[in-house]
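Everything below concerns the one structure shown next.
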Amino acid sequence: MTDKNGFFDLSKSALSRRTALKGLAAGAGLTLAPGFVRYSQAQSSAPIKIGFQSHRTGIGAAYGRWYEKTSAAAVKAINDAGGINGRPVELVIEDDGTDPGRGAEVVGKFATQHKTDIVFGTLFSHVVIGSAPAAGENKIPYFVVSEGHHVASTKLNRYVFQPGITDVKSQIQSMAPWIAANAGKKVTQIFPDFAFGYDHRDYLPPALKAQGAEVIAQIAIPPTESSFTKYFPQIPAETEVIYHVMVGPAVLTFVKELGEFYGSNRPQLFGFMDSLEATDINSPGLEFLDGSHFWEGSPRYAQANDSAAQKAYRAAVGIDDNGAAVGDPKDVSTASHMFGCWETLYVVKKAMEDAGYKGPEDRAKLVEATEALTEFAEGPEHPQGPKTFNGKIHQCFGIQNISKVEGGKLNVVHKTKIEDGLYEAEGDYTTQAL
Amino acid sequence: MSEASPAKAYALHLGVIALLFALSFVLPEYHHGLLARIMVLAAFAMGYNMLFGYVGLLSLGHAMFFAAGLYGAGLAVIHLGWNVPLAFLAGIACGALLALAIGLLALRTNGVAFMIVTMMFAQVFYLVILYFAAWTGGDQGLVVPQPARVLSFGATSLDLTNPTVRYMSALALFSVVLLVTLAIVRSRYGRVLVAVRENEERTKMLGYDTFSNKLIAVVVSGTICAASGAAYALLFGYVGSSFASVQYSILPLLWVLLGGAATTLGALIGTVFMYYVIDIASGYTSAYLLIVGIALILLVLFFPKGILGTIRQRWLGWLP
């Protein structure tokens, strides 16, 4: 059926023969592009190929950029030291667009087109959850640096691991003793009304209760909200601590309006650094945070007592004492999370060596070797700190940092113990078939 | 407008289905998997095209119908333990009911108002998914367990996670939707829809109940989109709110515009084109959306009616 009224006719331009030929040539060129080349299996001397699922675009792009930098630095360090099982490591990067649909396609692409040995990456929980089925179906180990509780919940599958960063349930639980002992016993939570906020909503109250403190109010703020003042009257007057985990661009407005609401007479503030990753703590509007405390995975600012391993890690990744890119003070890193990429790649190295990994035919052995790991000692391979690993739930446990905003910097005032973040396993991946 | 004989039209469409079937045996593994996904989403685009292409109703809320099928099927498996066929039917039923309800309300408007109303309903649907996070998994979504994604027939069973089974299942869905769409647009009812698109007042004057006809089209369109969503959940194992976001209302519009609105095969061509432009361009640059944008502009300039629409206009006037 033709459309004589031009209902869909956006232009009346004619198509010349030359243009059509150019189009055909371009089409032919695309079909010959590398994406169509079938890759051969890795040989014993060939590089170990690690498919890196990166948030290059979309809401997670700031994380993606720093995850790439950190991973590239780790791969360089590993290769400089002789690689894995005598083979160099090569990162193959694909953009997941911070989208779960595309994430799953990218995992499939690594498994079936790039023929990578494993898949590694990414941060945002919905991308990890969306990609996990593809990893399980392709039977390709999928090492994530997401901090979500989804891996440890054992709701994903046996091929998904999180050995380089602790999960949010463990992080929240670790914070409770310090909050109850140092900040206050009556806590009001303000959190975004979606999954990241729900983790804090659900895990903090029981953790505080165990420490003799309590959550007296929970204020969920819709993700579409851009002004917050109207929510602040809901904060009970007896509140001793405001526990806030707002994320995204609105956090600057949130802090500014909270400052205007309270003035100089405010309760204690405790937040998670997820709110301010890749954001300068000295940005206009954030002055109100001075004197408040934050959870940090790995400290953004260099500390006086940093270990040699921490210093070497920071130098290798290329961040200065303020946690920004060397040479570009405005390019603030995602220090609280990106160390997980470095540490995960060293876990992969250890597991591949333990498994005597030679190629994709050894993926099942690699899964079992990873599950058999129990401890990672602090050092150049684990600069954030020591960790334990629970092979049944594919999740590591480690120390956390509590930092105070002082003089425009974050100073670590407390380090938790590994035991603070341990909890009962919710399942057992090792019972699933490989 | 020339008219193809039924045999010619059906031969073309059956030929396309046969080609897709044959491709299953020759495509490299990655493209085999990608084409399975494309066929499911092309069914979504065909559902959209039913309303946009043939009735001229531009909806900006079709993600809700896709998501209704996605969640209807996915949650039936996850929370109720239903088997694959029942869950698939549940997904379709959810989409059909939602389309009926939305159609009854949204069809009181037309033009720009219809776009806005459908977009608002879709946004409500999206926020409802987030609100009931305890059941839907909120913005993180849920995994449909791999062991549950098996189609059983007595003693035999088909594992939907097997690449060949998945491809053939996607092809079956695509084929049914394609042939149903073809049958509808070639029927008397299909001609009424086009008449509504071209001149609704005149169609009314000729004695047709245009509201009822449009409502049926909304329900058919929503049902097809829901079937696609249900298949997506069962074949690819993930249900998530991003599939209910406005992006997934815009995507079928782009796929259809690219391939050719009011062409039965345009949805497939547009979906394939868009998928591969993104897939190839993202291998070279993180600015691949810029390349997609340029490709879209070039298409608007040189293929103003979409790829197949322009081919039909210039060379093959008989294409349905």
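As shown in the structure tokens, the chain order sets the letters A, B, ...; within each chain, residues go from 1, and ligands are also counted from 1 in the order they appear.
For range 127-179 of chain A, the set of residues given strand (DSSP E) by DSSP on the backbone reads Tyr142, Phe143, Val144, Val160 and Phe161 of chain A.
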What are the residues of chain B lining chain A at 8 Å or less? Count only C-alpha atoms, and put the answer as a ChimeraX atom specification.
/B:1-3,28-30,33-34,130,133,137-143,146,161-162,198,236-240,242,261-263,280,282-283,286,300-305,309,312-313,317-320
Using the selection just defined, write its residues with N, CA and C atoms as a compact mmCIF listing (two decimals), in the first residue's frame.
```
# COMPACT_ATOMS: atom_id res chain seq x y z
N MET B 1 -2.01 2.45 -6.11
CA MET B 1 -1.55 1.30 -5.35
C MET B 1 -1.94 0.03 -6.09
N SER B 2 -0.94 -0.75 -6.45
CA SER B 2 -1.24 -2.03 -7.06
C SER B 2 -1.42 -3.06 -5.96
N GLU B 3 -2.11 -4.12 -6.27
CA GLU B 3 -2.44 -5.13 -5.27
C GLU B 3 -1.81 -6.46 -5.66
N PRO B 28 26.94 -17.86 12.10
CA PRO B 28 27.86 -18.07 13.23
C PRO B 28 27.09 -17.96 14.54
N GLU B 29 27.67 -18.56 15.57
CA GLU B 29 26.98 -18.72 16.85
C GLU B 29 26.44 -17.39 17.40
N TYR B 30 27.26 -16.37 17.36
CA TYR B 30 26.85 -15.10 17.95
C TYR B 30 25.65 -14.51 17.20
N GLY B 33 22.41 -16.27 17.88
CA GLY B 33 21.77 -15.84 19.13
C GLY B 33 21.16 -14.46 19.00
N LEU B 34 21.87 -13.58 18.31
CA LEU B 34 21.39 -12.21 18.16
C LEU B 34 20.11 -12.18 17.32
N LEU B 130 8.04 -0.35 39.80
CA LEU B 130 9.01 0.05 40.83
C LEU B 130 8.37 0.00 42.22
N ALA B 133 8.12 -3.40 44.19
CA ALA B 133 9.45 -4.01 44.03
C ALA B 133 9.56 -5.36 44.73
N GLY B 137 10.88 -7.06 41.72
CA GLY B 137 12.32 -6.85 41.73
C GLY B 137 12.70 -5.41 41.45
N GLY B 138 11.68 -4.53 41.30
CA GLY B 138 11.94 -3.10 41.10
C GLY B 138 12.83 -2.84 39.91
N ASP B 139 13.73 -1.88 40.09
CA ASP B 139 14.59 -1.50 38.97
C ASP B 139 15.66 -2.55 38.69
N GLN B 140 15.91 -3.44 39.65
CA GLN B 140 16.93 -4.47 39.41
C GLN B 140 16.38 -5.61 38.56
N GLY B 141 15.10 -5.88 38.71
CA GLY B 141 14.50 -6.97 37.95
C GLY B 141 14.75 -8.32 38.59
N LEU B 142 14.27 -9.35 37.91
CA LEU B 142 14.37 -10.72 38.43
C LEU B 142 14.85 -11.66 37.33
N VAL B 143 15.50 -12.71 37.77
CA VAL B 143 15.92 -13.75 36.83
C VAL B 143 14.86 -14.84 36.81
N GLN B 146 16.68 -20.81 35.26
CA GLN B 146 16.98 -21.62 34.07
C GLN B 146 16.23 -22.96 34.08
N THR B 161 16.67 -22.68 26.83
CA THR B 161 17.99 -22.03 26.89
C THR B 161 18.94 -22.63 25.86
N ASN B 162 18.51 -23.71 25.21
CA ASN B 162 19.31 -24.28 24.12
C ASN B 162 19.23 -23.34 22.92
N GLU B 198 -6.47 7.24 6.90
CA GLU B 198 -6.46 8.24 5.84
C GLU B 198 -7.50 9.34 6.06
N PHE B 236 14.88 -15.51 27.28
CA PHE B 236 16.15 -14.89 27.69
C PHE B 236 16.29 -14.77 29.21
N GLY B 237 15.25 -15.11 29.95
CA GLY B 237 15.40 -15.34 31.38
C GLY B 237 15.53 -14.13 32.26
N TYR B 238 15.09 -12.98 31.81
CA TYR B 238 15.20 -11.80 32.67
C TYR B 238 13.97 -10.93 32.50
N VAL B 239 13.42 -10.47 33.62
CA VAL B 239 12.37 -9.46 33.57
C VAL B 239 12.87 -8.25 34.35
N GLY B 240 12.77 -7.08 33.74
CA GLY B 240 13.29 -5.89 34.40
C GLY B 240 12.53 -4.65 33.98
N SER B 242 13.51 -1.81 33.07
CA SER B 242 14.02 -1.02 31.94
C SER B 242 13.22 -1.31 30.66
N ALA B 261 6.91 2.08 7.81
CA ALA B 261 5.61 1.96 8.47
C ALA B 261 4.58 1.44 7.47
N ALA B 262 3.62 0.68 7.99
CA ALA B 262 2.57 0.10 7.15
C ALA B 262 3.13 -0.83 6.09
N THR B 263 4.24 -1.47 6.40
CA THR B 263 4.72 -2.59 5.58
C THR B 263 4.86 -3.77 6.53
N ILE B 280 27.80 -3.12 15.55
CA ILE B 280 29.07 -2.91 14.84
C ILE B 280 29.70 -1.59 15.27
N SER B 282 29.37 0.12 17.99
CA SER B 282 29.86 0.15 19.38
C SER B 282 31.20 -0.56 19.50
N GLY B 283 31.55 -1.36 18.50
CA GLY B 283 32.87 -1.99 18.50
C GLY B 283 33.98 -1.03 18.16
N SER B 286 32.68 4.69 21.44
CA SER B 286 31.63 4.80 22.46
C SER B 286 30.57 5.82 22.02
N VAL B 300 16.15 9.15 6.78
CA VAL B 300 15.04 10.10 6.60
C VAL B 300 15.22 10.85 5.28
N LEU B 301 16.48 11.19 4.97
CA LEU B 301 16.75 11.95 3.74
C LEU B 301 16.54 11.10 2.50
N PHE B 302 17.06 9.89 2.53
CA PHE B 302 17.07 9.09 1.31
C PHE B 302 16.00 8.00 1.27
N PHE B 303 15.50 7.61 2.43
CA PHE B 303 14.42 6.61 2.47
C PHE B 303 13.30 7.18 3.36
N PRO B 304 12.66 8.23 2.91
CA PRO B 304 11.71 8.94 3.79
C PRO B 304 10.57 8.06 4.28
N LYS B 305 10.25 7.03 3.56
CA LYS B 305 9.17 6.15 4.03
C LYS B 305 9.73 4.88 4.66
N GLY B 309 9.31 0.82 2.80
CA GLY B 309 8.29 1.76 2.32
C GLY B 309 8.76 2.46 1.05
N ARG B 312 8.83 0.03 -1.82
CA ARG B 312 7.46 -0.17 -2.32
C ARG B 312 7.02 1.01 -3.18
N GLN B 313 7.37 2.21 -2.72
CA GLN B 313 6.94 3.39 -3.45
C GLN B 313 7.60 3.46 -4.82
N GLY B 317 5.30 -1.79 -5.93
CA GLY B 317 4.07 -1.24 -5.39
C GLY B 317 3.13 -2.27 -4.80
N TRP B 318 3.37 -3.53 -5.11
CA TRP B 318 2.45 -4.57 -4.62
C TRP B 318 2.77 -5.04 -3.21
N LEU B 319 3.90 -4.58 -2.65
CA LEU B 319 4.28 -5.09 -1.32
C LEU B 319 3.21 -4.76 -0.29
N PRO B 320 2.83 -5.76 0.54
CA PRO B 320 1.81 -5.48 1.54
C PRO B 320 2.39 -4.72 2.74
```
For the structure I just gave you, how does DSSP split range 12-213 of chain A - specifically, which residues are helix (DSSP H, G or I)? Reply as a PyMOL selection string.
chain A and resi 17-31+34-36+61-80+100-114+125-138+168-183+195-209
Just want the 8 Å neighbourhood of Leu160 in chain B, counted on only C-alpha atoms, with same-chain residues fewer than 3 positions away dropped. Output as a ChimeraX atom specification.
/B:149-151,163,165-166,169,234-235
Which neighbours of Gly260 in chain B fall inside 8 Å, counting only C-alpha atoms, when residues of the same chain fewer than 2 positions from it are skipped, and could you give them as a ChimeraX atom specification?
/B:256-258,262-263,266-267,270,305-310
Mind running range 189-244 of chain B against range 44-56 of chain B at 6 Å and telling me each contacting residue's nearest atom pair with the distance in Å (one decimal), counting only C-alpha atoms, chain and number ascending, as JSON lines?
```
{"residue": "B:Leu193", "atom": "CA", "partner": "B:Val55", "partner_atom": "CA", "distance": 5.1}
{"residue": "B:Val194", "atom": "CA", "partner": "B:Tyr54", "partner_atom": "CA", "distance": 5.3}
{"residue": "B:Arg197", "atom": "CA", "partner": "B:Val55", "partner_atom": "CA", "distance": 4.7}
{"residue": "B:Ser221", "atom": "CA", "partner": "B:Gly47", "partner_atom": "CA", "distance": 4.5}
{"residue": "B:Ile224", "atom": "CA", "partner": "B:Gly47", "partner_atom": "CA", "distance": 5.0}
{"residue": "B:Cys225", "atom": "CA", "partner": "B:Phe44", "partner_atom": "CA", "distance": 4.5}
{"residue": "B:Ser228", "atom": "CA", "partner": "B:Phe44", "partner_atom": "CA", "distance": 5.4}
```
Close residues, Ala77 in chain A itself excluded, 12 Å, only C-alpha atoms, min 4 positions apart in chain, as a PyMOL selection string:
chain A and resi 70-73+81-84+88-89+312-313+315-317+342-343+345-346+349+380-381
Can you write out the residues you just picked, keeping C-alpha atoms, as a PDB file, in the first residue's frame?
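Result written to selection_24.pdb:
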```pdb
ATOM      1  CA  THR A  70      41.750   0.361  36.972  1.00  0.00           C
ATOM      2  CA  SER A  71      41.370  -2.852  34.995  1.00  0.00           C
ATOM      3  CA  ALA A  72      43.911  -1.723  32.397  1.00  0.00           C
ATOM      4  CA  ALA A  73      46.362  -0.939  35.197  1.00  0.00           C
ATOM      5  CA  ALA A  81      54.856  -9.947  36.196  1.00  0.00           C
ATOM      6  CA  GLY A  82      54.561 -12.745  33.611  1.00  0.00           C
ATOM      7  CA  GLY A  83      50.812 -12.960  32.967  1.00  0.00           C
ATOM      8  CA  ILE A  84      48.619 -15.884  34.014  1.00  0.00           C
ATOM      9  CA  PRO A  88      49.611 -12.594  28.662  1.00  0.00           C
ATOM     10  CA  VAL A  89      46.204 -11.224  29.526  1.00  0.00           C
ATOM     11  CA  ALA A 312      51.535   1.298  44.618  1.00  0.00           C
ATOM     12  CA  TYR A 313      47.929   0.633  43.579  1.00  0.00           C
ATOM     13  CA  ALA A 315      50.207   5.089  41.444  1.00  0.00           C
ATOM     14  CA  ALA A 316      49.476   2.264  38.995  1.00  0.00           C
ATOM     15  CA  VAL A 317      45.888   3.392  38.444  1.00  0.00           C
ATOM     16  CA  TRP A 342      41.999  -4.670  40.460  1.00  0.00           C
ATOM     17  CA  GLU A 343      41.361  -7.242  43.161  1.00  0.00           C
ATOM     18  CA  LEU A 345      41.500  -9.671  38.275  1.00  0.00           C
ATOM     19  CA  TYR A 346      44.021 -10.983  40.789  1.00  0.00           C
ATOM     20  CA  LYS A 349      44.668 -15.002  38.148  1.00  0.00           C
ATOM     21  CA  PRO A 380      49.782  -5.680  46.231  1.00  0.00           C
ATOM     22  CA  GLU A 381      47.043  -7.953  44.873  1.00  0.00           C
TER      23      GLU A 381
END
```
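Here CA of Gly356 in chain A and CA of Ile48 in chain A stand 12.6 Å from one another.
One distance worth recording is that between CA of Ala93 in chain B and CA of Gly259 in chain B, which is 28.4 Å.
If you measure from each of A:Leu208, A:Ala425, A:Ala62, A:Ala46 to Asp331 in chain A using only C-alpha atoms, the closest one turns out to be A:Ala62.
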How many Å lie between CA of Asn213 in chain B and CA of Leu178 in chain B, rounded to one decimal?
20.3 Å
Show which residues sit within 9 Å of Ala180 in chain A, as JSON, numbers by chain. Count only C-alpha atoms, and ignore same-chain residues fewer than 3 positions away.
{"A": [175, 176, 177, 183, 184, 185, 186, 187, 208, 211, 212, 213, 214]}
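Nearest to Asp306 in chain A of all the residues A:Lys256, A:Gly379, A:Ser275, A:Thr344 is A:Gly379, based on only C-alpha atoms.
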